[in-house]
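Next up, protein10.cif (mmCIF, C-alpha atoms):
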```cif
data_query
loop_
_atom_site.label_atom_id
_atom_site.label_comp_id
_atom_site.auth_asym_id
_atom_site.auth_seq_id
_atom_site.Cartn_x
_atom_site.Cartn_y
_atom_site.Cartn_z
CA MET A 1 49.30 -10.92 -14.83
CA PHE A 2 48.03 -10.80 -18.42
CA SER A 3 47.69 -14.60 -18.42
CA PHE A 4 45.58 -14.44 -15.26
CA PHE A 5 43.12 -11.96 -16.76
CA SER A 6 43.07 -13.87 -20.02
CA ARG A 7 42.15 -17.06 -18.21
CA TRP A 8 39.49 -15.24 -16.14
CA TYR A 9 37.96 -13.81 -19.31
CA GLN A 10 37.90 -17.20 -21.07
CA GLU A 11 36.27 -18.86 -18.05
CA ARG A 12 33.40 -16.38 -17.81
CA PHE A 13 32.87 -15.08 -21.33
CA SER A 14 33.65 -18.06 -23.55
CA ASP A 15 29.95 -19.01 -23.47
CA PRO A 16 28.05 -16.93 -26.08
CA GLN A 17 24.91 -16.98 -23.92
CA ALA A 18 26.82 -15.25 -21.11
CA VAL A 19 27.77 -12.47 -23.52
CA THR A 20 24.13 -12.25 -24.64
CA LEU A 21 22.92 -11.98 -21.06
CA LEU A 22 25.47 -9.25 -20.33
CA ALA A 23 24.48 -7.34 -23.48
CA ILE A 24 20.78 -7.49 -22.55
CA LEU A 25 21.41 -6.28 -19.00
CA VAL A 26 23.72 -3.47 -20.09
CA GLY A 27 21.33 -2.39 -22.84
CA LEU A 28 18.33 -2.26 -20.50
CA ALA A 29 20.35 -0.38 -17.86
CA LEU A 30 21.48 2.22 -20.41
CA VAL A 31 17.94 2.71 -21.71
CA LEU A 32 16.59 3.21 -18.19
CA TYR A 33 19.43 5.54 -17.21
CA PHE A 34 19.38 7.81 -20.25
CA ALA A 35 15.73 7.58 -21.31
CA GLY A 36 14.01 6.77 -18.01
CA GLY A 37 12.39 10.21 -17.80
CA LEU A 38 11.03 10.07 -21.32
CA LEU A 39 9.78 6.52 -20.88
CA ALA A 40 8.29 7.11 -17.42
CA PRO A 41 4.63 6.58 -18.49
CA LEU A 42 5.62 3.40 -20.34
CA LEU A 43 7.58 2.06 -17.36
CA VAL A 44 4.77 2.86 -14.91
CA ALA A 45 2.28 1.13 -17.22
CA LEU A 46 4.55 -1.92 -17.46
CA VAL A 47 4.76 -2.20 -13.67
CA LEU A 48 0.99 -1.85 -13.27
CA ALA A 49 0.31 -4.34 -16.04
CA PHE A 50 2.75 -6.76 -14.41
CA LEU A 51 0.79 -6.51 -11.16
CA LEU A 52 -2.64 -6.71 -12.77
CA GLU A 53 -1.77 -9.70 -14.95
CA TRP A 54 -2.51 -12.12 -12.11
CA PRO A 55 -6.26 -11.24 -11.75
CA VAL A 56 -6.56 -11.22 -15.54
CA ALA A 57 -5.04 -14.72 -15.65
CA GLN A 58 -7.54 -15.88 -13.01
CA MET A 59 -10.39 -14.60 -15.18
CA LEU A 60 -8.99 -16.49 -18.15
CA LYS A 61 -9.21 -19.68 -16.08
CA LEU A 62 -12.91 -18.92 -15.52
CA GLY A 63 -13.52 -18.75 -19.26
CA ILE A 64 -13.54 -14.96 -19.61
CA ASN A 65 -11.65 -13.74 -22.68
CA ARG A 66 -8.59 -11.55 -22.21
CA THR A 67 -10.16 -8.34 -23.53
CA THR A 68 -13.11 -8.53 -21.14
CA GLY A 69 -10.89 -9.57 -18.23
CA ALA A 70 -8.43 -6.74 -18.86
CA SER A 71 -11.30 -4.23 -19.05
CA LEU A 72 -12.89 -5.41 -15.79
CA VAL A 73 -9.59 -5.47 -13.89
CA LEU A 74 -8.60 -2.02 -15.15
CA VAL A 75 -11.98 -0.48 -14.28
CA LEU A 76 -11.80 -1.95 -10.77
CA PHE A 77 -8.24 -0.73 -10.32
CA LEU A 78 -9.10 2.80 -11.53
CA GLY A 79 -12.09 2.86 -9.18
CA ILE A 80 -9.85 2.11 -6.21
CA VAL A 81 -7.37 4.78 -7.32
CA VAL A 82 -10.16 7.38 -7.65
CA LEU A 83 -11.51 6.56 -4.19
CA LEU A 84 -8.06 6.92 -2.67
CA THR A 85 -7.39 10.14 -4.60
CA PHE A 86 -10.57 11.93 -3.55
CA GLY A 87 -10.88 10.34 -0.12
CA LEU A 88 -7.33 10.35 1.24
CA ILE A 89 -5.27 12.96 -0.56
CA PRO A 90 -7.43 16.01 0.39
CA SER A 91 -7.25 15.06 4.08
CA VAL A 92 -3.49 14.54 3.92
CA TRP A 93 -3.07 17.84 2.08
CA ARG A 94 -5.10 19.77 4.68
CA GLN A 95 -3.13 18.23 7.52
CA GLY A 96 0.14 19.04 5.75
CA VAL A 97 -0.90 22.70 5.36
CA SER A 98 -1.97 22.76 9.02
CA LEU A 99 1.38 21.33 10.06
CA MET A 100 3.23 24.03 8.14
CA THR A 101 1.03 26.67 9.78
CA ASP A 102 1.69 25.32 13.28
CA LEU A 103 5.40 24.83 12.65
CA PRO A 104 6.46 28.27 14.06
CA ASN A 105 4.61 27.58 17.33
CA MET A 106 6.24 24.17 17.54
CA ILE A 107 9.66 25.74 16.99
CA ASP A 108 9.00 28.30 19.75
CA LYS A 109 8.00 25.53 22.14
CA GLY A 110 11.08 23.57 21.21
CA LEU A 111 13.32 26.58 21.83
CA LEU A 112 11.78 27.10 25.27
CA THR A 113 12.45 23.45 26.06
CA LEU A 114 16.04 23.77 24.89
CA GLN A 115 16.52 26.92 26.99
CA GLY A 116 15.31 25.02 30.02
CA LEU A 117 17.71 22.18 29.28
CA ALA A 118 20.58 24.65 28.81
CA THR A 119 19.81 26.17 32.19
CA GLN A 120 19.57 22.82 33.99
CA TYR A 121 22.41 21.03 32.21
CA PRO A 122 24.94 23.64 31.05
CA LYS A 123 27.61 20.96 30.60
CA PHE A 124 25.67 19.19 27.87
CA ILE A 125 24.28 22.16 25.94
CA SER A 126 25.65 25.69 26.29
CA THR A 127 23.90 28.98 25.67
CA GLU A 128 26.31 29.67 22.78
CA GLN A 129 25.23 26.46 21.04
CA LEU A 130 21.60 27.34 21.64
CA ASP A 131 22.07 30.84 20.19
CA LEU A 132 23.70 29.32 17.12
CA MET A 133 20.76 26.95 16.63
CA VAL A 134 18.30 29.86 16.97
CA ALA A 135 20.23 31.87 14.38
CA GLU A 136 20.12 28.97 11.90
CA LEU A 137 16.38 28.54 12.46
CA LYS A 138 15.82 32.25 11.83
CA LYS A 139 17.64 31.88 8.53
CA LEU A 140 15.38 28.99 7.58
CA LEU A 141 12.29 30.98 8.51
CA ASP A 142 13.51 34.14 6.79
CA THR A 143 10.86 35.79 4.61
CA GLN A 144 12.95 35.60 1.47
CA HIS A 145 13.56 31.91 2.06
CA VAL A 146 9.83 31.31 2.46
CA LEU A 147 9.20 33.22 -0.78
CA ASP A 148 11.75 31.07 -2.59
CA ILE A 149 9.97 27.95 -1.37
CA ALA A 150 6.65 29.38 -2.56
CA LYS A 151 8.12 30.04 -6.01
CA GLN A 152 9.35 26.46 -6.17
CA LEU A 153 5.90 25.18 -5.26
CA ILE A 154 4.38 27.31 -8.03
CA GLY A 155 6.88 25.83 -10.45
CA TYR A 156 5.99 22.33 -9.30
CA SER A 157 2.32 23.06 -9.85
CA ALA A 158 3.08 23.41 -13.56
CA SER A 159 3.81 19.69 -13.61
CA LEU A 160 0.10 19.06 -12.96
CA LEU A 161 -0.41 19.26 -16.71
CA VAL A 162 2.11 16.46 -17.19
CA LEU A 163 0.34 14.49 -14.46
CA MET A 164 -2.97 14.89 -16.29
CA VAL A 165 -1.36 13.55 -19.47
CA TYR A 166 -0.03 10.58 -17.49
CA ALA A 167 -3.51 9.98 -16.09
CA ILE A 168 -4.73 9.44 -19.64
CA LEU A 169 -1.75 7.64 -21.16
CA VAL A 170 -0.98 5.18 -18.38
CA PRO A 171 -4.45 3.54 -18.19
CA LEU A 172 -4.51 3.21 -21.98
CA LEU A 173 -1.06 1.63 -22.00
CA VAL A 174 -2.00 -0.73 -19.18
CA PHE A 175 -5.12 -1.85 -21.04
CA PHE A 176 -3.20 -2.63 -24.23
CA PHE A 177 -0.40 -4.36 -22.31
CA LEU A 178 -2.97 -6.63 -20.65
CA LYS A 179 -5.14 -7.12 -23.74
CA ASP A 180 -2.34 -7.79 -26.25
CA LYS A 181 0.22 -9.38 -23.91
CA ASP A 182 1.09 -12.36 -26.10
CA GLN A 183 1.28 -10.31 -29.28
CA LEU A 184 3.53 -7.69 -27.69
CA ILE A 185 5.85 -10.34 -26.23
CA ARG A 186 6.23 -12.02 -29.61
CA GLY A 187 6.98 -8.70 -31.24
CA SER A 188 9.56 -7.68 -28.63
CA LYS A 189 11.54 -10.91 -29.11
CA ARG A 190 12.73 -9.62 -32.48
CA PHE A 191 14.87 -7.02 -30.69
CA PHE A 192 16.77 -9.60 -28.61
CA PRO A 193 19.43 -12.11 -29.70
CA THR A 194 18.28 -15.65 -30.45
CA ASN A 195 20.72 -17.38 -28.07
CA ARG A 196 19.09 -16.02 -24.92
CA GLN A 197 18.46 -19.27 -23.04
CA LEU A 198 20.55 -18.10 -20.07
CA ALA A 199 18.67 -14.79 -19.93
CA ARG A 200 15.37 -16.71 -20.06
CA LYS A 201 16.53 -18.91 -17.18
CA VAL A 202 17.36 -15.88 -15.04
CA TRP A 203 14.01 -14.27 -15.89
CA PHE A 204 12.03 -17.39 -14.95
CA GLU A 205 13.85 -17.51 -11.62
CA MET A 206 13.16 -13.84 -10.90
CA HIS A 207 9.65 -13.50 -12.36
CA GLN A 208 7.73 -14.95 -9.42
CA GLN A 209 10.05 -13.40 -6.87
CA ILE A 210 9.58 -9.92 -8.34
CA PHE A 211 5.80 -10.36 -8.45
CA ASN A 212 5.70 -11.61 -4.86
CA TYR A 213 7.88 -8.73 -3.72
CA ILE A 214 5.82 -6.00 -5.41
CA ARG A 215 2.53 -7.51 -4.26
CA GLY A 216 3.87 -7.99 -0.73
CA LYS A 217 5.24 -4.45 -0.58
CA VAL A 218 1.91 -2.96 -1.65
CA ILE A 219 0.08 -5.05 0.97
CA GLU A 220 2.64 -4.06 3.61
CA ILE A 221 2.23 -0.35 2.81
CA VAL A 222 -1.55 -0.60 3.13
CA ILE A 223 -1.54 -2.64 6.36
CA VAL A 224 1.12 -0.57 8.13
CA GLY A 225 -0.39 2.73 6.97
CA VAL A 226 -3.96 1.84 7.96
CA ALA A 227 -2.91 0.34 11.32
CA SER A 228 -0.79 3.40 12.12
CA TYR A 229 -3.59 5.80 11.16
CA ILE A 230 -6.15 3.96 13.30
CA PHE A 231 -3.78 3.96 16.28
CA PHE A 232 -2.84 7.64 15.86
CA ALA A 233 -6.50 8.65 15.52
CA PHE A 234 -7.42 6.57 18.57
CA MET A 235 -4.74 8.33 20.59
CA GLY A 236 -5.93 11.71 19.32
CA LEU A 237 -2.61 12.56 17.70
CA ARG A 238 -2.72 15.57 15.43
CA TYR A 239 -2.04 15.06 11.71
CA SER A 240 -2.91 11.36 12.13
CA ALA A 241 -3.75 10.83 8.43
CA LEU A 242 -0.55 12.52 7.26
CA LEU A 243 1.63 10.60 9.72
CA GLY A 244 -0.18 7.35 8.93
CA VAL A 245 0.55 7.77 5.20
CA LEU A 246 4.20 8.58 5.96
CA THR A 247 4.48 5.50 8.16
CA GLY A 248 3.04 3.30 5.43
CA LEU A 249 5.35 4.75 2.79
CA SER A 250 8.36 4.38 5.10
CA VAL A 251 8.43 0.61 4.46
CA LEU A 252 9.62 1.39 0.93
CA ILE A 253 13.11 2.06 2.33
CA PRO A 254 14.13 -0.95 4.46
CA TYR A 255 15.67 -0.16 7.86
CA VAL A 256 16.13 3.54 7.02
CA GLY A 257 12.49 4.49 6.38
CA ALA A 258 11.26 3.52 9.84
CA THR A 259 14.02 5.59 11.45
CA LEU A 260 13.25 8.65 9.32
CA VAL A 261 9.49 8.62 9.97
CA THR A 262 9.91 8.10 13.72
CA LEU A 263 11.38 11.58 14.16
CA PRO A 264 8.33 13.61 12.96
CA ILE A 265 5.97 11.32 14.90
CA MET A 266 8.01 11.82 18.06
CA LEU A 267 8.20 15.59 17.56
CA VAL A 268 4.47 16.01 16.88
CA ALA A 269 3.63 13.90 19.94
CA PHE A 270 6.06 15.85 22.11
CA PHE A 271 4.72 19.25 20.99
CA GLN A 272 1.17 18.05 21.60
CA TRP A 273 1.58 16.33 24.96
CA GLY A 274 5.13 16.92 26.17
CA PHE A 275 6.81 14.23 28.23
CA SER A 276 3.54 12.75 29.50
CA SER A 277 1.90 9.35 29.74
CA GLU A 278 0.16 9.93 26.38
CA PHE A 279 3.55 10.47 24.77
CA GLY A 280 4.83 7.22 26.27
CA TYR A 281 1.75 5.24 25.25
CA LEU A 282 1.95 6.58 21.69
CA MET A 283 5.61 5.70 21.26
CA LEU A 284 5.01 2.27 22.82
CA GLY A 285 2.14 1.52 20.43
CA TYR A 286 4.13 2.81 17.48
CA GLY A 287 7.06 0.60 18.48
CA ILE A 288 4.71 -2.42 18.66
CA ILE A 289 3.45 -1.70 15.12
CA GLN A 290 7.02 -1.52 13.84
CA ALA A 291 7.97 -4.73 15.69
CA LEU A 292 4.96 -6.61 14.30
CA ASP A 293 5.79 -5.36 10.82
CA GLY A 294 9.41 -6.48 10.99
CA ASN A 295 8.94 -9.78 12.83
CA VAL A 296 5.50 -11.00 11.68
CA LEU A 297 4.26 -9.23 8.56
CA VAL A 298 7.51 -9.13 6.58
CA PRO A 299 8.34 -12.86 7.08
CA ILE A 300 4.79 -13.80 5.98
CA LEU A 301 4.70 -11.56 2.91
CA PHE A 302 8.28 -12.10 1.77
CA SER A 303 8.89 -15.72 2.72
CA ASP A 304 9.79 -16.53 -0.91
CA ALA A 305 12.13 -13.56 -1.33
CA VAL A 306 15.83 -14.09 -1.84
CA ASP A 307 17.74 -13.86 1.42
CA LEU A 308 19.89 -10.74 1.31
CA HIS A 309 22.12 -9.33 4.00
CA PRO A 310 20.97 -5.95 5.45
CA VAL A 311 24.20 -4.32 4.27
CA ILE A 312 23.47 -5.44 0.70
CA ILE A 313 19.89 -4.13 0.96
CA ILE A 314 21.00 -0.71 2.22
CA ALA A 315 23.70 -0.54 -0.46
CA ALA A 316 21.11 -1.44 -3.12
CA VAL A 317 18.77 1.29 -1.86
CA LEU A 318 21.57 3.86 -2.06
CA VAL A 319 22.79 2.79 -5.51
CA PHE A 320 19.50 2.22 -7.31
CA GLY A 321 17.80 5.11 -5.49
CA GLY A 322 20.57 7.41 -6.67
CA LEU A 323 20.17 6.16 -10.23
CA TRP A 324 16.39 6.06 -10.59
CA GLY A 325 14.95 7.94 -7.60
CA VAL A 326 11.77 6.64 -5.98
CA TRP A 327 11.41 3.77 -8.44
CA GLY A 328 14.98 2.73 -7.74
CA VAL A 329 14.24 2.65 -4.02
CA PHE A 330 11.05 0.66 -4.56
CA PHE A 331 12.78 -1.93 -6.76
CA ALA A 332 16.07 -1.97 -4.85
CA ILE A 333 15.52 -5.43 -3.36
CA PRO A 334 14.31 -7.06 -6.62
CA LEU A 335 17.22 -5.51 -8.49
CA ALA A 336 19.68 -6.71 -5.86
CA SER A 337 18.10 -10.17 -6.09
CA LEU A 338 18.44 -10.00 -9.88
CA VAL A 339 22.14 -9.22 -9.57
CA LYS A 340 22.54 -12.15 -7.20
CA ALA A 341 20.62 -14.49 -9.55
CA VAL A 342 22.78 -13.41 -12.50
CA ILE A 343 25.95 -14.06 -10.51
CA ASN A 344 24.71 -17.50 -9.45
CA ALA A 345 23.59 -18.46 -12.97
CA TRP A 346 26.62 -17.09 -14.76
CA PRO A 347 28.39 -19.96 -16.58
CA LYS A 348 31.98 -20.72 -15.78
CA THR A 349 34.04 -22.73 -18.21
CA GLU A 350 36.90 -24.71 -16.74
CA ILE A 351 40.07 -24.07 -18.74
CA GLU A 352 42.85 -26.62 -18.62
CA ILE A 353 46.19 -24.90 -18.19
CA GLU A 354 49.32 -26.47 -19.59
CA PRO A 355 52.40 -26.68 -17.36
CA VAL A 356 54.11 -24.03 -19.48
CA ALA A 357 51.18 -21.69 -18.92
CA ILE A 358 51.30 -22.31 -15.17
CA ALA A 359 55.00 -21.47 -15.14
CA GLN A 360 54.27 -18.30 -17.13
CA VAL A 361 51.58 -17.23 -14.61
CA LYS A 362 54.02 -17.77 -11.72
CA ALA A 363 56.68 -15.77 -13.56
CA ASP A 364 54.25 -12.93 -14.21
CA SER A 365 53.21 -12.92 -10.56
CA ALA A 366 56.83 -12.84 -9.42
CA GLU A 367 57.59 -9.89 -11.71
CA ALA A 368 54.52 -8.04 -10.42
#
```
Whole structure, structure tokens version:
Amino acid sequence: MFSFFSRWYQERFSDPQAVTLLAILVGLALVLYFAGGLLAPLLVALVLAFLLEWPVAQMLKLGINRTTGASLVLVLFLGIVVLLTFGLIPSVWRQGVSLMTDLPNMIDKGLLTLQGLATQYPKFISTEQLDLMVAELKKLLDTQHVLDIAKQLIGYSASLLVLMVYAILVPLLVFFFLKDKDQLIRGSKRFFPTNRQLARKVWFEMHQQIFNYIRGKVIEIVIVGVASYIFFAFMGLRYSALLGVLTGLSVLIPYVGATLVTLPIMLVAFFQWGFSSEFGYLMLGYGIIQALDGNVLVPILFSDAVDLHPVIIIAAVLVFGGLWGVWGVFFAIPLASLVKAVINAWPKTEIEIEPVAIAQVKADSAEA
């Protein structure tokens, strides 16, 4: 057995570049895991600079110097962010507060519906089960529980100061990342080993794929969110802006996000219209939006993405989301693609085994 592991190690780690690649990956993973919170502004700025590098590069082709191009791109980006912040967030916030205010009435209507179902179909839902559900809901709506939630919200509001600091630091970092890109890259190379050709090969393979994925995901969020909001508003659905934003953000979590956001949409529509034709039309239109997203929009936006099995994607979302939260979920597919690229590019040295060694391996296997 020892001979088998020794041979496996020599095949995959005899190349110094493979060891270098492994060291770089492990080092970056440890830094993100243990210092991700401290480096959050830096990481956010890196992601934004990575996305904004393309328009800056296009300006360089037009003869505009990098400093001017970085300034123009950053000002335009900040203008869009400000418009979204003051135009969309207040409306979503008001609708969220309204939803929380109307939640008790919705619960009462739901309980009446359940009581009717328990009366008509006692075999499927009993009065004892219904009473248990009511008791649990009363616990959730208990005054002390509501006060605890309010205290948590007050505690979260203290993080607004940190958010204001981020609002100053991140744009500055993005500007310097864009303006001094070449200088910063040259300086960062001093912290990496010299024999990093394999790591460079993996990065070149993943660079365009990561950019295409992030750009495509942002476009998908905007298209799905705007289309959902327009349809919800056209149907007269309450909280249309809030539900439209949730639908757009749901594409961040493949397969699972669409399922999670369908439940609140269905509940709001049911409490507003009941089992009526409006409810059916709304769910039909929502289903068409989801079908177009999965069968038309995603293949167009992510045609160059690495083909990954749905099980691998869901596993990547769970693993990287558990490690790095929202950012882990957002980058789950690129990270899974990176793992796949590393596995495919990993060198394998063929080791010739002498007959004596073969006999020793067989003997070890027999003893095991």
- Message: Using the chain letters and numbers from this file, what does the PyMOL selection byres ((chain A and resi 328) around 12) select? Give the answer as a PyMOL selection string.
- Response: chain A and resi 29+32-33+36+252-253+315-327+329-336
- Task: To verify the selection step, state as a PyMOL selection string which residues the PyMOL selection byres ((chain A and resi 176) around 12) yields on this input.
- Result: chain A and resi 42+45-46+48-49+53+66-71+74+169-175+177-184
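For the set A:Leu242, A:Leu249, A:Met283, A:Ala227, the residue with the smallest atom-to-atom gap to A:Ser98 is A:Leu242, counting all atoms listed in the file.
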- For A:Arg94, which of A:Val298, A:Ala241, A:Leu39, A:Leu246 is the closest residue, counting all atoms listed in the file? A:Ala241
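In this structure, atom CA of A:Pro310 sits 8.5 Å away from atom CA of A:Pro254.
With only C-alpha atoms as the atoms that count, the minimum distance from A:Leu111 to the choices A:Phe86, A:Phe192, A:Tyr281, A:Phe271 is reached by A:Phe271.
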- Message: With the PyMOL selection byres ((chain A and resi 288-291) around 10) as the selection, what would be picked from this file? Answer as a ChimeraX atom specification, please.
- Response: /A:224,227-228,231,247,251,258,282-287,292-297
- Straight-line distance linking atom CA of A:Met100 with atom CA of A:Leu83, stated in Å to one decimal: 26.0 Å
- Item | Nearest to A:Glu278 by atom-to-atom distance, counting all atoms listed in the file, from A:Gly257, A:Gly248, A:Gly236, A:Pro299 |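 Looking at the shortest contact to A:Glu278, the residue is A:Gly236.
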- Two-atom distance - atom CA of A:Arg190, atom CA of A:Leu60 (Å): 26.9 Å
- Query: When distances are computed from all atoms listed in the file, which of A:Leu198, A:Gln95, A:Phe234, A:Val311 shows the smallest separation from A:Val342?
  - Reply: A:Leu198
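The smallest atom-to-atom distance between A:Trp346 and any of A:Gln209, A:Phe279, A:Ala18, A:Ile80, using only C-alpha atoms, is found for A:Ala18.
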Build an axis-aligned box that encloses every atom of stretch 207-226 of chain A listed in the file, pad it by 5 Å on each side, and report its centre and edge lengths in Å to one decimal, as JSON.
```
{"center_x": 3.0, "center_y": -6.1, "center_z": -2.1, "size_x": 24.0, "size_y": 27.7, "size_z": 30.5}
```
